[in-house]
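*Asks:* My structure file upload-v7.cif, mmCIF, C-alpha atoms, is below:
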data_run
#
loop_
_atom_site.label_atom_id
_atom_site.label_comp_id
_atom_site.auth_asym_id
_atom_site.auth_seq_id
_atom_site.Cartn_x
_atom_site.Cartn_y
_atom_site.Cartn_z
CA MET I 8 169.21 32.89 -38.03
CA ARG I 9 165.77 31.32 -38.16
CA PHE I 10 166.21 30.59 -41.85
CA ILE I 11 169.59 28.99 -41.18
CA LEU I 12 168.11 26.79 -38.47
CA LEU I 13 165.24 25.87 -40.78
CA GLY I 14 167.73 24.98 -43.49
CA LEU I 15 169.80 22.83 -41.21
CA LEU I 16 166.65 21.07 -40.07
CA ILE I 17 165.60 20.40 -43.65
CA ALA I 18 169.07 19.10 -44.49
CA ALA I 19 169.09 16.89 -41.43
CA CYS I 20 165.73 15.44 -42.39
CA THR I 21 166.85 14.63 -45.91
CA ASN I 22 167.26 10.87 -46.17
CA GLN I 23 169.63 10.33 -49.06
CA PRO I 24 171.03 6.86 -49.71
CA PRO I 25 174.82 6.43 -49.71
CA PRO I 26 176.34 8.00 -52.82
CA PRO I 27 177.91 5.91 -55.58
CA THR I 28 181.32 4.88 -54.28
CA PRO I 29 184.26 3.09 -55.92
CA THR I 30 184.56 -0.37 -54.39
CA GLN I 31 188.37 -0.47 -54.80
CA ALA I 32 188.04 -4.04 -56.01
CA THR I 33 191.14 -5.26 -57.83
CA CYS I 34 191.87 -7.99 -60.34
CA PRO I 35 194.18 -10.72 -59.00
CA ASP I 36 197.66 -10.62 -60.46
CA PRO I 37 198.02 -12.48 -62.68
CA ASP I 38 194.47 -12.29 -64.04
CA PRO I 39 193.06 -15.82 -63.49
CA GLY I 40 190.58 -15.33 -66.31
CA THR I 41 187.86 -17.14 -64.42
CA LEU I 42 185.28 -14.36 -64.80
CA THR I 43 184.61 -13.43 -68.40
CA TRP I 44 181.97 -11.62 -70.44
CA ASP I 45 180.64 -14.93 -71.70
CA ASN I 46 180.44 -16.82 -68.41
CA PHE I 47 179.63 -13.93 -66.05
CA GLY I 48 179.29 -10.44 -67.51
CA GLN I 49 176.67 -11.06 -70.16
CA PRO I 50 174.46 -13.34 -68.02
CA PHE I 51 174.68 -10.81 -65.17
CA MET I 52 173.73 -7.89 -67.38
CA THR I 53 170.91 -9.82 -69.02
CA GLN I 54 169.46 -10.87 -65.67
CA PHE I 55 169.75 -7.55 -63.87
CA CYS I 56 170.34 -4.65 -66.27
CA THR I 57 169.34 -4.84 -69.92
CA ALA I 58 165.60 -4.58 -69.41
CA CYS I 59 166.38 -0.84 -69.29
CA HIS I 60 170.09 -0.47 -70.21
CA ASP I 61 169.92 -1.70 -73.78
CA SER I 62 171.08 0.26 -76.78
CA ALA I 63 168.07 -0.93 -78.73
CA LEU I 64 165.63 0.82 -76.41
CA PRO I 65 164.49 4.33 -77.37
CA HIS I 66 164.62 6.93 -74.60
CA ALA I 67 160.91 6.71 -73.89
CA GLN I 68 161.19 2.99 -73.08
CA ARG I 69 164.32 3.10 -70.91
CA ASN I 70 162.48 3.69 -67.64
CA GLY I 71 164.90 6.44 -66.72
CA ALA I 72 168.13 4.71 -67.73
CA PRO I 73 170.54 7.36 -69.04
CA LEU I 74 171.36 7.33 -72.73
CA TYR I 75 174.73 5.74 -73.58
CA HIS I 76 174.54 3.59 -70.44
CA ASP I 77 173.96 0.36 -72.36
CA TYR I 78 175.16 -3.01 -71.15
CA ASN I 79 173.93 -5.38 -73.83
CA THR I 80 177.43 -5.50 -75.29
CA LEU I 81 180.87 -5.77 -73.72
CA LEU I 82 181.84 -2.58 -75.54
CA GLY I 83 178.97 -0.76 -73.85
CA VAL I 84 180.03 -2.05 -70.44
CA LEU I 85 183.62 -1.01 -71.00
CA GLN I 86 182.57 2.53 -71.82
CA ILE I 87 181.76 3.10 -68.13
CA PRO I 88 183.04 0.22 -65.98
CA ASP I 89 183.79 2.49 -63.01
CA HIS I 90 180.25 3.85 -63.11
CA ILE I 91 178.82 0.32 -62.98
CA ASP I 92 181.13 -0.54 -60.10
CA GLN I 93 180.01 2.54 -58.18
CA TRP I 94 176.31 1.81 -58.60
CA ALA I 95 176.12 -1.98 -58.33
CA GLY I 96 179.46 -3.38 -57.23
CA ASP I 97 180.70 -4.68 -53.91
CA GLY I 98 184.25 -4.58 -52.65
CA PRO I 99 186.61 -3.56 -49.86
CA ALA I 100 185.55 0.09 -49.90
CA ALA I 101 181.83 0.02 -50.63
CA ASP I 102 178.67 -2.04 -50.85
CA ASN I 103 176.82 -0.32 -53.67
CA THR I 104 173.20 -1.34 -54.01
CA LEU I 105 171.81 1.67 -55.89
CA MET I 106 171.17 -0.58 -58.87
CA PRO I 107 169.07 -2.49 -59.73
CA PRO I 108 166.21 -0.35 -58.41
CA SER I 109 163.20 -1.79 -56.62
CA ARG I 110 160.87 -1.93 -59.63
CA CYS I 111 161.64 -3.32 -63.06
CA PRO I 112 159.87 -4.11 -66.33
CA SER I 113 159.08 -7.79 -66.80
CA THR I 114 159.81 -7.33 -70.50
CA PRO I 115 162.54 -5.06 -71.92
CA GLY I 116 161.19 -1.57 -72.42
CA GLY I 117 157.94 -2.34 -70.65
CA SER I 118 156.36 -0.66 -67.67
CA LEU I 119 157.68 -1.11 -64.13
CA ASP I 120 155.36 -3.98 -63.33
CA SER I 121 157.52 -6.27 -61.20
CA ASN I 122 160.08 -6.30 -58.44
CA CYS I 123 163.63 -6.27 -59.71
CA PRO I 124 165.70 -9.39 -59.09
CA GLN I 125 168.61 -8.41 -56.88
CA PRO I 126 172.15 -9.78 -57.17
CA THR I 127 173.56 -11.55 -54.18
CA THR I 128 176.49 -9.97 -52.36
CA GLN I 129 178.75 -12.58 -53.93
CA GLN I 130 177.47 -11.66 -57.40
CA ARG I 131 178.12 -7.97 -56.70
CA MET I 132 181.64 -8.79 -55.54
CA ASP I 133 182.20 -10.86 -58.67
CA LEU I 134 180.91 -7.97 -60.76
CA SER I 135 183.48 -5.56 -59.34
CA VAL I 136 186.34 -8.03 -59.71
CA TRP I 137 185.27 -8.92 -63.25
CA LEU I 138 185.12 -5.24 -64.22
CA ALA I 139 188.56 -4.66 -62.70
CA CYS I 140 189.93 -7.54 -64.77
CA GLU I 141 188.00 -6.96 -67.96
CA LYS I 142 188.95 -3.32 -68.42
CA ASN I 143 192.62 -4.30 -68.45
CA ARG I 144 192.26 -7.16 -70.89
CA PRO I 145 193.06 -6.69 -74.60
CA HIS I 146 190.00 -6.28 -76.81
CA MET I 147 189.52 -6.10 -80.56
CA PHE I 148 186.58 -3.69 -80.87
CA MET E 4 171.52 16.86 -83.40
CA LEU E 5 174.64 19.01 -83.47
CA ALA E 6 173.42 20.92 -86.48
CA ARG E 7 170.07 21.47 -84.82
CA ARG E 8 171.76 22.69 -81.64
CA ASP E 9 174.08 25.01 -83.55
CA THR E 10 171.13 26.53 -85.33
CA GLY E 11 169.23 26.76 -82.07
CA ALA E 12 172.17 28.34 -80.30
CA ALA E 13 172.66 30.93 -83.02
CA LEU E 14 168.97 31.74 -83.01
CA GLY E 15 169.01 31.85 -79.23
CA VAL E 16 171.94 34.25 -79.12
CA ALA E 17 170.18 36.54 -81.56
CA VAL E 18 167.02 36.39 -79.49
CA ALA E 19 168.97 37.04 -76.29
CA LEU E 20 170.74 40.05 -77.74
CA GLY E 21 167.41 41.42 -78.82
CA LEU E 22 165.80 40.70 -75.53
CA VAL E 23 168.55 42.38 -73.55
CA LEU E 24 167.62 45.55 -75.38
CA VAL E 25 164.04 45.15 -74.31
CA LEU E 26 163.57 45.75 -70.65
CA ALA E 27 161.23 44.94 -67.72
CA GLN E 28 160.56 45.03 -64.01
CA ALA E 29 161.85 42.18 -61.91
CA ALA E 30 159.44 40.23 -59.77
CA GLY E 31 161.77 40.44 -56.81
CA ILE E 32 161.68 36.74 -56.10
CA ALA E 33 165.06 35.07 -55.88
CA ARG E 34 164.55 31.91 -57.87
CA ALA E 35 166.52 28.73 -57.49
CA ASP E 36 168.37 29.50 -60.69
CA HIS E 37 170.06 32.43 -58.99
CA ASP E 38 168.65 35.44 -60.75
CA MET E 39 170.46 37.67 -58.31
CA ALA E 40 170.10 40.61 -60.66
CA SER E 41 166.42 40.59 -59.87
CA MET E 42 166.77 41.33 -56.19
CA SER E 43 163.98 43.66 -55.24
CA GLU E 44 164.67 46.98 -53.70
CA ASN E 45 163.00 48.20 -50.57
CA HIS E 46 163.84 51.43 -48.94
CA GLY E 47 161.10 51.64 -46.36
CA ASP E 48 160.27 49.57 -43.33
CA SER E 49 159.75 45.84 -43.25
CA GLU E 50 158.10 44.12 -46.19
CA VAL E 51 156.94 40.55 -46.38
CA SER E 52 156.37 38.92 -49.75
CA LEU E 53 154.64 35.72 -50.70
CA GLY E 54 155.28 34.33 -54.13
CA LEU E 55 154.20 31.40 -56.22
CA SER E 56 155.98 30.31 -59.35
CA VAL E 57 154.83 27.68 -61.84
CA GLU E 58 157.17 26.42 -64.52
CA ALA E 59 157.27 23.89 -67.33
CA ALA E 60 160.30 22.90 -69.35
CA GLU E 61 161.56 20.45 -71.93
CA PHE E 62 165.13 19.20 -71.99
CA ASP E 63 167.31 17.20 -74.33
CA THR E 64 170.67 16.61 -72.70
CA MET E 65 173.45 14.19 -73.50
CA PHE E 66 171.93 11.50 -71.26
CA TYR E 67 168.29 12.43 -70.77
CA VAL E 68 165.32 13.50 -72.83
CA GLY E 69 162.15 14.63 -71.13
CA SER E 70 160.28 17.39 -69.44
CA TYR E 71 159.40 18.71 -66.03
CA GLN E 72 156.77 20.84 -64.40
CA GLY E 73 157.24 22.56 -61.09
CA VAL E 74 155.55 24.78 -58.56
CA ALA E 75 157.55 26.84 -56.08
CA PRO E 76 156.18 28.87 -53.19
CA THR E 77 158.50 31.59 -51.93
CA LEU E 78 158.56 33.53 -48.70
CA GLY E 79 160.56 36.75 -48.54
CA TRP E 80 161.21 39.40 -45.93
CA MET E 81 162.98 42.72 -46.31
CA HIS E 82 163.86 45.28 -43.72
CA GLY E 83 165.65 48.38 -44.87
CA ARG E 84 168.84 47.31 -46.56
CA PHE E 85 168.51 43.64 -45.70
CA GLY E 86 166.42 40.90 -47.19
CA THR E 87 165.96 37.15 -46.92
CA SER E 88 164.00 34.59 -48.89
CA ALA E 89 163.22 30.90 -48.81
CA THR E 90 161.76 28.70 -51.52
CA ILE E 91 161.37 25.08 -52.44
CA SER E 92 160.09 23.59 -55.67
CA LEU E 93 157.89 20.56 -56.14
CA TYR E 94 158.43 18.77 -59.43
CA HIS E 95 156.90 16.29 -61.80
CA LEU E 96 159.84 15.02 -63.81
CA THR E 97 159.79 12.74 -66.83
CA ALA E 98 163.23 11.58 -67.96
CA ASN E 99 163.84 8.80 -70.48
CA GLY E 100 160.35 7.49 -69.93
CA LEU E 101 160.45 7.38 -66.13
CA VAL E 102 158.24 9.67 -64.06
CA HIS E 103 159.23 11.08 -60.68
CA TYR E 104 157.35 13.35 -58.31
CA GLY E 105 159.09 15.11 -55.48
CA ALA E 106 160.68 18.16 -53.95
CA GLY E 107 163.70 19.79 -55.48
CA ASP E 108 166.45 21.43 -53.51
CA ALA E 109 165.36 24.17 -51.12
CA ALA E 110 166.93 27.59 -51.53
CA LEU E 111 167.64 30.14 -48.84
CA GLY E 112 168.79 33.62 -49.76
CA GLY E 113 169.96 36.77 -48.08
CA SER E 114 170.98 40.14 -49.46
CA ALA E 115 172.35 43.41 -48.17
CA THR E 116 172.21 46.73 -50.00
CA LEU E 117 175.54 48.50 -49.63
CA LEU E 118 175.00 51.35 -52.09
CA ASP E 119 171.58 52.95 -51.88
CA GLY E 120 171.46 55.95 -54.19
CA ASP E 121 168.52 57.52 -55.96
CA ALA E 122 169.12 55.63 -59.18
CA VAL E 123 171.91 53.22 -58.41
CA HIS E 124 171.80 50.36 -55.97
CA ALA E 125 174.36 47.67 -55.27
CA GLY E 126 174.96 45.03 -52.70
CA LEU E 127 175.90 41.53 -51.81
CA ALA E 128 173.82 38.36 -51.72
CA LEU E 129 174.24 34.81 -50.53
CA HIS E 130 172.10 31.93 -51.67
CA VAL E 131 172.36 28.44 -50.26
CA MET E 132 170.80 25.37 -51.82
CA LEU E 133 169.94 22.55 -49.44
CA PRO E 134 169.82 18.92 -50.63
CA THR E 135 166.13 18.29 -50.11
CA GLY E 136 165.72 16.84 -53.60
CA SER E 137 166.60 13.27 -54.47
CA GLU E 138 169.92 13.07 -56.26
CA LEU E 139 169.16 9.62 -57.59
CA ASP E 140 165.88 10.81 -59.07
CA ASN E 141 167.62 13.81 -60.66
CA LEU E 142 165.56 16.20 -58.54
CA GLY E 143 168.41 17.49 -56.38
CA MET E 144 172.16 17.91 -56.28
CA GLY E 145 172.70 15.71 -53.23
CA HIS E 146 174.84 18.29 -51.48
CA VAL E 147 174.73 21.83 -50.14
CA MET E 148 175.62 24.56 -52.63
CA ALA E 149 176.73 28.03 -51.52
CA MET E 150 176.46 30.93 -53.94
CA PRO E 151 177.72 34.35 -52.84
CA SER E 152 177.32 37.16 -55.34
CA ALA E 153 177.49 40.89 -55.90
CA TRP E 154 174.67 42.72 -57.61
CA GLY E 155 173.92 46.17 -58.90
CA SER E 156 171.04 48.00 -60.53
CA TRP E 157 170.22 51.32 -62.15
CA HIS E 158 166.92 52.85 -63.05
CA ASP E 159 165.32 56.00 -64.35
CA ALA E 160 161.66 56.82 -64.83
CA SER E 161 160.92 53.91 -67.13
CA LEU E 162 164.04 51.83 -67.46
CA HIS E 163 165.53 49.38 -64.99
CA VAL E 164 168.78 47.51 -65.55
CA ALA E 165 170.33 45.01 -63.17
CA ALA E 166 173.24 42.61 -63.20
CA SER E 167 175.05 40.25 -60.87
CA ALA E 168 178.21 38.20 -60.71
CA GLY E 169 178.76 35.36 -58.32
CA TYR E 170 180.48 32.16 -57.40
CA GLY E 171 178.87 28.83 -56.70
CA ARG E 172 180.52 25.96 -54.90
CA ALA E 173 179.32 22.57 -53.81
CA MET E 174 180.05 22.05 -50.13
CA VAL E 175 181.63 18.66 -50.79
CA GLY E 176 185.08 17.50 -51.76
CA LEU E 177 185.78 18.41 -55.37
CA GLY E 178 188.47 15.82 -55.96
CA GLY E 179 186.18 12.89 -56.68
CA HIS E 180 184.25 11.92 -59.76
CA ASN E 181 182.21 14.63 -61.41
CA HIS E 182 178.92 13.61 -63.01
CA GLY E 183 178.65 16.97 -64.74
CA PRO E 184 175.94 19.52 -64.15
CA ALA E 185 173.11 18.24 -61.99
CA PRO E 186 170.26 17.94 -61.33
CA LEU E 187 168.04 17.86 -64.40
CA VAL E 188 165.61 20.43 -63.05
CA ASP E 189 168.17 23.13 -62.27
CA PRO E 190 171.64 22.03 -63.33
CA MET E 191 174.74 23.41 -61.68
CA ASN E 192 178.43 22.55 -61.77
CA LEU E 193 180.28 21.58 -58.64
CA GLN E 194 182.16 24.88 -58.81
CA GLU E 195 181.30 27.74 -61.13
CA LEU E 196 181.25 31.46 -61.76
CA THR E 197 177.75 32.80 -62.32
CA TRP E 198 176.37 35.92 -63.89
CA SER E 199 173.02 37.42 -64.74
CA ALA E 200 171.65 40.52 -66.39
CA ALA E 201 168.16 41.89 -66.67
CA ALA E 202 166.64 44.91 -68.33
CA ASP E 203 163.08 46.10 -67.96
CA LEU E 204 161.03 48.81 -69.62
CA ASP E 205 157.93 50.28 -68.02
CA LEU E 206 155.29 50.52 -70.71
CA GLY E 207 152.78 52.28 -68.49
CA HIS E 208 149.53 51.07 -66.96
CA GLY E 209 151.53 48.76 -64.72
CA VAL E 210 152.96 46.71 -67.57
CA GLN E 211 156.66 46.00 -67.97
CA LEU E 212 158.48 44.23 -70.75
CA GLY E 213 161.99 42.96 -70.47
CA GLY E 214 164.74 40.50 -71.09
CA ARG E 215 166.88 38.24 -68.98
CA THR E 216 170.06 36.35 -69.49
CA ARG E 217 172.11 34.36 -67.03
CA GLY E 218 174.71 31.70 -67.11
CA ALA E 219 177.62 29.95 -65.53
CA LEU E 220 181.22 29.17 -66.34
CA PRO E 221 182.58 26.04 -64.67
CA ILE E 222 185.77 26.11 -62.63
CA GLY E 223 187.55 22.88 -63.41
CA THR E 224 185.49 20.23 -65.14
CA GLY E 225 181.92 21.07 -66.01
CA GLN E 226 179.78 22.67 -68.61
CA ILE E 227 179.09 26.24 -69.62
CA ARG E 228 175.42 27.17 -69.62
CA VAL E 229 173.67 30.27 -70.85
CA ILE E 230 169.97 31.00 -70.59
CA GLY E 231 168.10 33.80 -72.28
CA GLY E 232 164.54 34.87 -71.89
CA GLY E 233 161.87 37.46 -72.37
CA ARG E 234 159.47 38.60 -69.69
CA VAL E 235 156.25 40.51 -69.46
CA ALA E 236 154.96 41.55 -66.06
CA TRP E 237 151.96 43.46 -64.87
CA GLY E 238 150.40 44.55 -61.63
CA THR E 239 151.00 47.01 -58.85
CA PRO E 240 153.84 47.43 -56.38
CA ARG E 241 151.81 45.26 -54.02
CA VAL E 242 150.70 42.48 -56.35
CA SER E 243 152.52 41.57 -59.53
CA THR E 244 152.44 38.72 -62.00
CA GLY E 245 154.99 37.85 -64.62
CA LEU E 246 155.25 35.53 -67.59
CA GLU E 247 158.70 34.53 -68.73
CA LEU E 248 159.77 32.42 -71.66
CA GLN E 249 163.33 31.09 -71.51
CA VAL E 250 165.55 29.17 -73.88
CA GLY E 251 168.72 27.27 -73.16
CA LEU E 252 171.36 28.86 -75.36
CA VAL E 253 174.54 27.03 -74.35
CA GLY E 254 174.97 23.82 -72.41
CA ASP E 255 171.93 21.70 -71.78
CA PRO E 256 169.94 23.42 -69.02
CA PHE E 257 166.72 22.93 -71.06
CA THR E 258 165.51 23.59 -74.57
CA VAL E 259 162.61 25.82 -73.58
CA ARG E 260 161.04 26.78 -70.28
CA GLY E 261 157.99 28.84 -69.39
CA VAL E 262 157.56 30.44 -65.97
CA VAL E 263 154.56 32.22 -64.48
CA ASP E 264 155.06 33.88 -61.12
CA THR E 265 152.95 35.96 -58.82
CA ALA E 266 154.14 37.92 -55.81
CA LEU E 267 152.15 39.56 -53.07
CA ARG E 268 153.93 42.13 -50.90
CA PHE E 269 152.62 43.61 -47.70
#
Any chance you could put this one into structure tokens?

*Replies:*
Amino acid sequence: MRFILLGLLIAACTNQPPPPTPTQATCPDPDPGTLTWDNFGQPFMTQFCTACHDSALPHAQRNGAPLYHDYNTLLGVLQIPDHIDQWAGDGPAADNTLMPPSRCPSTPGGSLDSNCPQPTTQQRMDLSVWLACEKNRPHMF
Amino acid sequence: MLARRDTGAALGVAVALGLVLVLAQAAGIARADHDMASMSENHGDSEVSLGLSVEAAEFDTMFYVGSYQGVAPTLGWMHGRFGTSATISLYHLTANGLVHYGAGDAALGGSATLLDGDAVHAGLALHVMLPTGSELDNLGMGHVMAMPSAWGSWHDASLHVAASAGYGRAMVGLGGHNHGPAPLVDPMNLQELTWSAAADLDLGHGVQLGGRTRGALPIGTGQIRVIGGGRVAWGTPRVSTGLELQVGLVGDPFTVRGVVDTALRF
């Protein structure tokens, strides 16, 4: 019984952030086409993500970014759009701010020597809507 | 990479089969990786045990390449047929170039001996993992895991064989997304069947040599994992130290892991 109480106490003291959650953002019907890879997705990824999530970075320079989670190309983004939504998107069901983290490299692949720029709430909402639209658009990969 | 892993797996299976034929004394410390077959046996009055385990491993999974080092103090108590244990690991984890320090998931265990013969012993155990490790840092699962199991052992003058079979389940809804086995330091599926086997040979002068294997089969989505290892232990019934070298045979639990553990019983 004492061990159980100790365990419950430990669990209660654990301060875990909210888990990755689907935002349930949807693409307007019909797709207005206002958010695209060229005018939103690529600039967003370049500003907030590709210092670590770049397919050109070897594992030792990714600062913990998982392999195959690379957002320097639209193809890479479309491999795991739901994952991106659950970690960085904002929508009716969730406000996910797990990414970007607090510390970032000032140069791609560098050490964590600066504070990460953070997207605004509007940018996170646009991200989720863009992902919802983009994954249903035709692509010629 | 696939060719290297196939070769490694084949070599690992051969090593495991050989090691299972070589046998040793269990340390009696229920580790976080659920070696329920190594439950110690106590037939007298109360016994308290203090243990310390140090481990180092390298891993090369689908998403992460790196290594970790950990230290885990363990407190155990046995009284007659019943025993409990508690442990928590502290890790230094390097994954894809990022370093984390922190606690892993805490483990609480309990066991009851139901069959207590001269040579044969069997019982039930329950281990619970608590989410004290950071899920985002790959140090913990982020949820409670319950792992009931049944275990049995047999021994004669110099040989000791033990095995267990169990079930592990994350105490969360299983209908959502599944990130696969997690965390990096001690991967488990959200729901799985587990097993372990150990065999130990007493070489005399307080030295035992043995082999271990354990693994898990996912229920639903997940990944099979199989670990094999060899162990040498020495000491007395009161103080014992063991050195274990493990290899990940199937799945991606780790490529190689070394564990040194010491237990003091009084």

*Asks:* Hey, can you check how far CA of Gly169 (chain E) sits from CA of Val131 (chain E)?

*Replies:*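 Separating CA of Gly169 (chain E) from CA of Val131 (chain E) is a distance of 12.4 Å.
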
*Asks:* One decimal, in Å: what's the spacing between CA of Arg217 (chain E) and CA of Thr97 (chain E)?

*Replies:* 24.9 Å

*Asks:* Which residues match the PyMOL selection byres ((chain E and resi 125) around 9) in the file above, as a VMD selection string?

*Replies:* chain E and resid 115 to 120 123 to 124 126 to 127 153 to 157

*Asks:* Apply the PyMOL selection byres ((chain E) within 12 of (chain I)) to the displayed file and report the matching residues as a PyMOL selection string.

*Replies:* chain E and resi 63-70+78-80+86-91+96-103+106-113+129-148+179-182+187

*Asks:* Pull C-alpha atoms from the residues just selected and write them as an mmCIF file, in the coordinates of the input.

*Replies:*
data_model
loop_
_atom_site.group_PDB
_atom_site.id
_atom_site.type_symbol
_atom_site.label_atom_id
_atom_site.label_comp_id
_atom_site.auth_asym_id
_atom_site.auth_seq_id
_atom_site.Cartn_x
_atom_site.Cartn_y
_atom_site.Cartn_z
ATOM 1 C CA ASP E 63 167.310 17.200 -74.330
ATOM 2 C CA THR E 64 170.670 16.610 -72.700
ATOM 3 C CA MET E 65 173.450 14.190 -73.500
ATOM 4 C CA PHE E 66 171.930 11.500 -71.260
ATOM 5 C CA TYR E 67 168.290 12.430 -70.770
ATOM 6 C CA VAL E 68 165.320 13.500 -72.830
ATOM 7 C CA GLY E 69 162.150 14.630 -71.130
ATOM 8 C CA SER E 70 160.280 17.390 -69.440
ATOM 9 C CA LEU E 78 158.560 33.530 -48.700
ATOM 10 C CA GLY E 79 160.560 36.750 -48.540
ATOM 11 C CA TRP E 80 161.210 39.400 -45.930
ATOM 12 C CA GLY E 86 166.420 40.900 -47.190
ATOM 13 C CA THR E 87 165.960 37.150 -46.920
ATOM 14 C CA SER E 88 164.000 34.590 -48.890
ATOM 15 C CA ALA E 89 163.220 30.900 -48.810
ATOM 16 C CA THR E 90 161.760 28.700 -51.520
ATOM 17 C CA ILE E 91 161.370 25.080 -52.440
ATOM 18 C CA LEU E 96 159.840 15.020 -63.810
ATOM 19 C CA THR E 97 159.790 12.740 -66.830
ATOM 20 C CA ALA E 98 163.230 11.580 -67.960
ATOM 21 C CA ASN E 99 163.840 8.800 -70.480
ATOM 22 C CA GLY E 100 160.350 7.490 -69.930
ATOM 23 C CA LEU E 101 160.450 7.380 -66.130
ATOM 24 C CA VAL E 102 158.240 9.670 -64.060
ATOM 25 C CA HIS E 103 159.230 11.080 -60.680
ATOM 26 C CA ALA E 106 160.680 18.160 -53.950
ATOM 27 C CA GLY E 107 163.700 19.790 -55.480
ATOM 28 C CA ASP E 108 166.450 21.430 -53.510
ATOM 29 C CA ALA E 109 165.360 24.170 -51.120
ATOM 30 C CA ALA E 110 166.930 27.590 -51.530
ATOM 31 C CA LEU E 111 167.640 30.140 -48.840
ATOM 32 C CA GLY E 112 168.790 33.620 -49.760
ATOM 33 C CA GLY E 113 169.960 36.770 -48.080
ATOM 34 C CA LEU E 129 174.240 34.810 -50.530
ATOM 35 C CA HIS E 130 172.100 31.930 -51.670
ATOM 36 C CA VAL E 131 172.360 28.440 -50.260
ATOM 37 C CA MET E 132 170.800 25.370 -51.820
ATOM 38 C CA LEU E 133 169.940 22.550 -49.440
ATOM 39 C CA PRO E 134 169.820 18.920 -50.630
ATOM 40 C CA THR E 135 166.130 18.290 -50.110
ATOM 41 C CA GLY E 136 165.720 16.840 -53.600
ATOM 42 C CA SER E 137 166.600 13.270 -54.470
ATOM 43 C CA GLU E 138 169.920 13.070 -56.260
ATOM 44 C CA LEU E 139 169.160 9.620 -57.590
ATOM 45 C CA ASP E 140 165.880 10.810 -59.070
ATOM 46 C CA ASN E 141 167.620 13.810 -60.660
ATOM 47 C CA LEU E 142 165.560 16.200 -58.540
ATOM 48 C CA GLY E 143 168.410 17.490 -56.380
ATOM 49 C CA MET E 144 172.160 17.910 -56.280
ATOM 50 C CA GLY E 145 172.700 15.710 -53.230
ATOM 51 C CA HIS E 146 174.840 18.290 -51.480
ATOM 52 C CA VAL E 147 174.730 21.830 -50.140
ATOM 53 C CA MET E 148 175.620 24.560 -52.630
ATOM 54 C CA GLY E 179 186.180 12.890 -56.680
ATOM 55 C CA HIS E 180 184.250 11.920 -59.760
ATOM 56 C CA ASN E 181 182.210 14.630 -61.410
ATOM 57 C CA HIS E 182 178.920 13.610 -63.010
ATOM 58 C CA LEU E 187 168.040 17.860 -64.400
#

*Asks:* Determine the nearest neighbour of Asn103 (chain I) from the options I:Pro88, I:Pro37, I:Pro25, I:Pro145, counting only C-alpha atoms.

*Replies:*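 For Asn103 (chain I), the nearest of the given residues is I:Pro25.
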
*Asks:* Translate the PyMOL selection byres ((chain I and resi 126-134) around 7) into a concrete residue list for this structure, as a list of chain:residue names.

*Replies:*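 Expected selection for the PyMOL selection byres ((chain I and resi 126-134) around 7) here is I:Ala95, I:Gly96, I:Asp97, I:Gly98, I:Pro124, I:Gln125, I:Ser135, I:Val136, I:Trp137, I:Leu138.
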
*Asks:* Include C-alpha atoms and write out the residues we just selected as a PDB file, keeping the file's coordinate frame.

*Replies:*
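To be explicit, this is the file written out as part00.pdb:
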ATOM      1  CA  ALA I  95     176.120  -1.980 -58.330  1.00  0.00           C
ATOM      2  CA  GLY I  96     179.460  -3.380 -57.230  1.00  0.00           C
ATOM      3  CA  ASP I  97     180.700  -4.680 -53.910  1.00  0.00           C
ATOM      4  CA  GLY I  98     184.250  -4.580 -52.650  1.00  0.00           C
ATOM      5  CA  PRO I 124     165.700  -9.390 -59.090  1.00  0.00           C
ATOM      6  CA  GLN I 125     168.610  -8.410 -56.880  1.00  0.00           C
ATOM      7  CA  SER I 135     183.480  -5.560 -59.340  1.00  0.00           C
ATOM      8  CA  VAL I 136     186.340  -8.030 -59.710  1.00  0.00           C
ATOM      9  CA  TRP I 137     185.270  -8.920 -63.250  1.00  0.00           C
ATOM     10  CA  LEU I 138     185.120  -5.240 -64.220  1.00  0.00           C
TER      11      LEU I 138
END

*Asks:* Using CA of Gly83 (chain E) and CA of Ser49 (chain E) as the two end points, give the distance in Å to one decimal.

*Replies:*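 So the answer is 6.6 Å.
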
*Asks:* With a distance cut-off of 10 Å and all atoms listed in the file, select the neighbouring residues of Asp48 (chain E), excluding the residue or stretch itself and same-chain residues fewer than 6 positions from it, and output the selection as a ChimeraX atom specification.

*Replies:* /E:81-84

*Asks:* Counting all atoms listed in the file, note down every residue that has an atom within 10 Å of the point (169.6, -9.0, -64.7) (file coordinates), as a PDB file with C-alpha atoms, in the frame of the given file.

*Replies:*
ATOM      1  CA  GLN I  49     176.670 -11.060 -70.160  1.00  0.00           C
ATOM      2  CA  PRO I  50     174.460 -13.340 -68.020  1.00  0.00           C
ATOM      3  CA  PHE I  51     174.680 -10.810 -65.170  1.00  0.00           C
ATOM      4  CA  MET I  52     173.730  -7.890 -67.380  1.00  0.00           C
ATOM      5  CA  THR I  53     170.910  -9.820 -69.020  1.00  0.00           C
ATOM      6  CA  GLN I  54     169.460 -10.870 -65.670  1.00  0.00           C
ATOM      7  CA  PHE I  55     169.750  -7.550 -63.870  1.00  0.00           C
ATOM      8  CA  CYS I  56     170.340  -4.650 -66.270  1.00  0.00           C
ATOM      9  CA  THR I  57     169.340  -4.840 -69.920  1.00  0.00           C
ATOM     10  CA  ALA I  58     165.600  -4.580 -69.410  1.00  0.00           C
ATOM     11  CA  CYS I  59     166.380  -0.840 -69.290  1.00  0.00           C
ATOM     12  CA  PRO I 107     169.070  -2.490 -59.730  1.00  0.00           C
ATOM     13  CA  CYS I 111     161.640  -3.320 -63.060  1.00  0.00           C
ATOM     14  CA  CYS I 123     163.630  -6.270 -59.710  1.00  0.00           C
ATOM     15  CA  PRO I 124     165.700  -9.390 -59.090  1.00  0.00           C
ATOM     16  CA  GLN I 125     168.610  -8.410 -56.880  1.00  0.00           C
ATOM     17  CA  PRO I 126     172.150  -9.780 -57.170  1.00  0.00           C
TER      18      PRO I 126
END
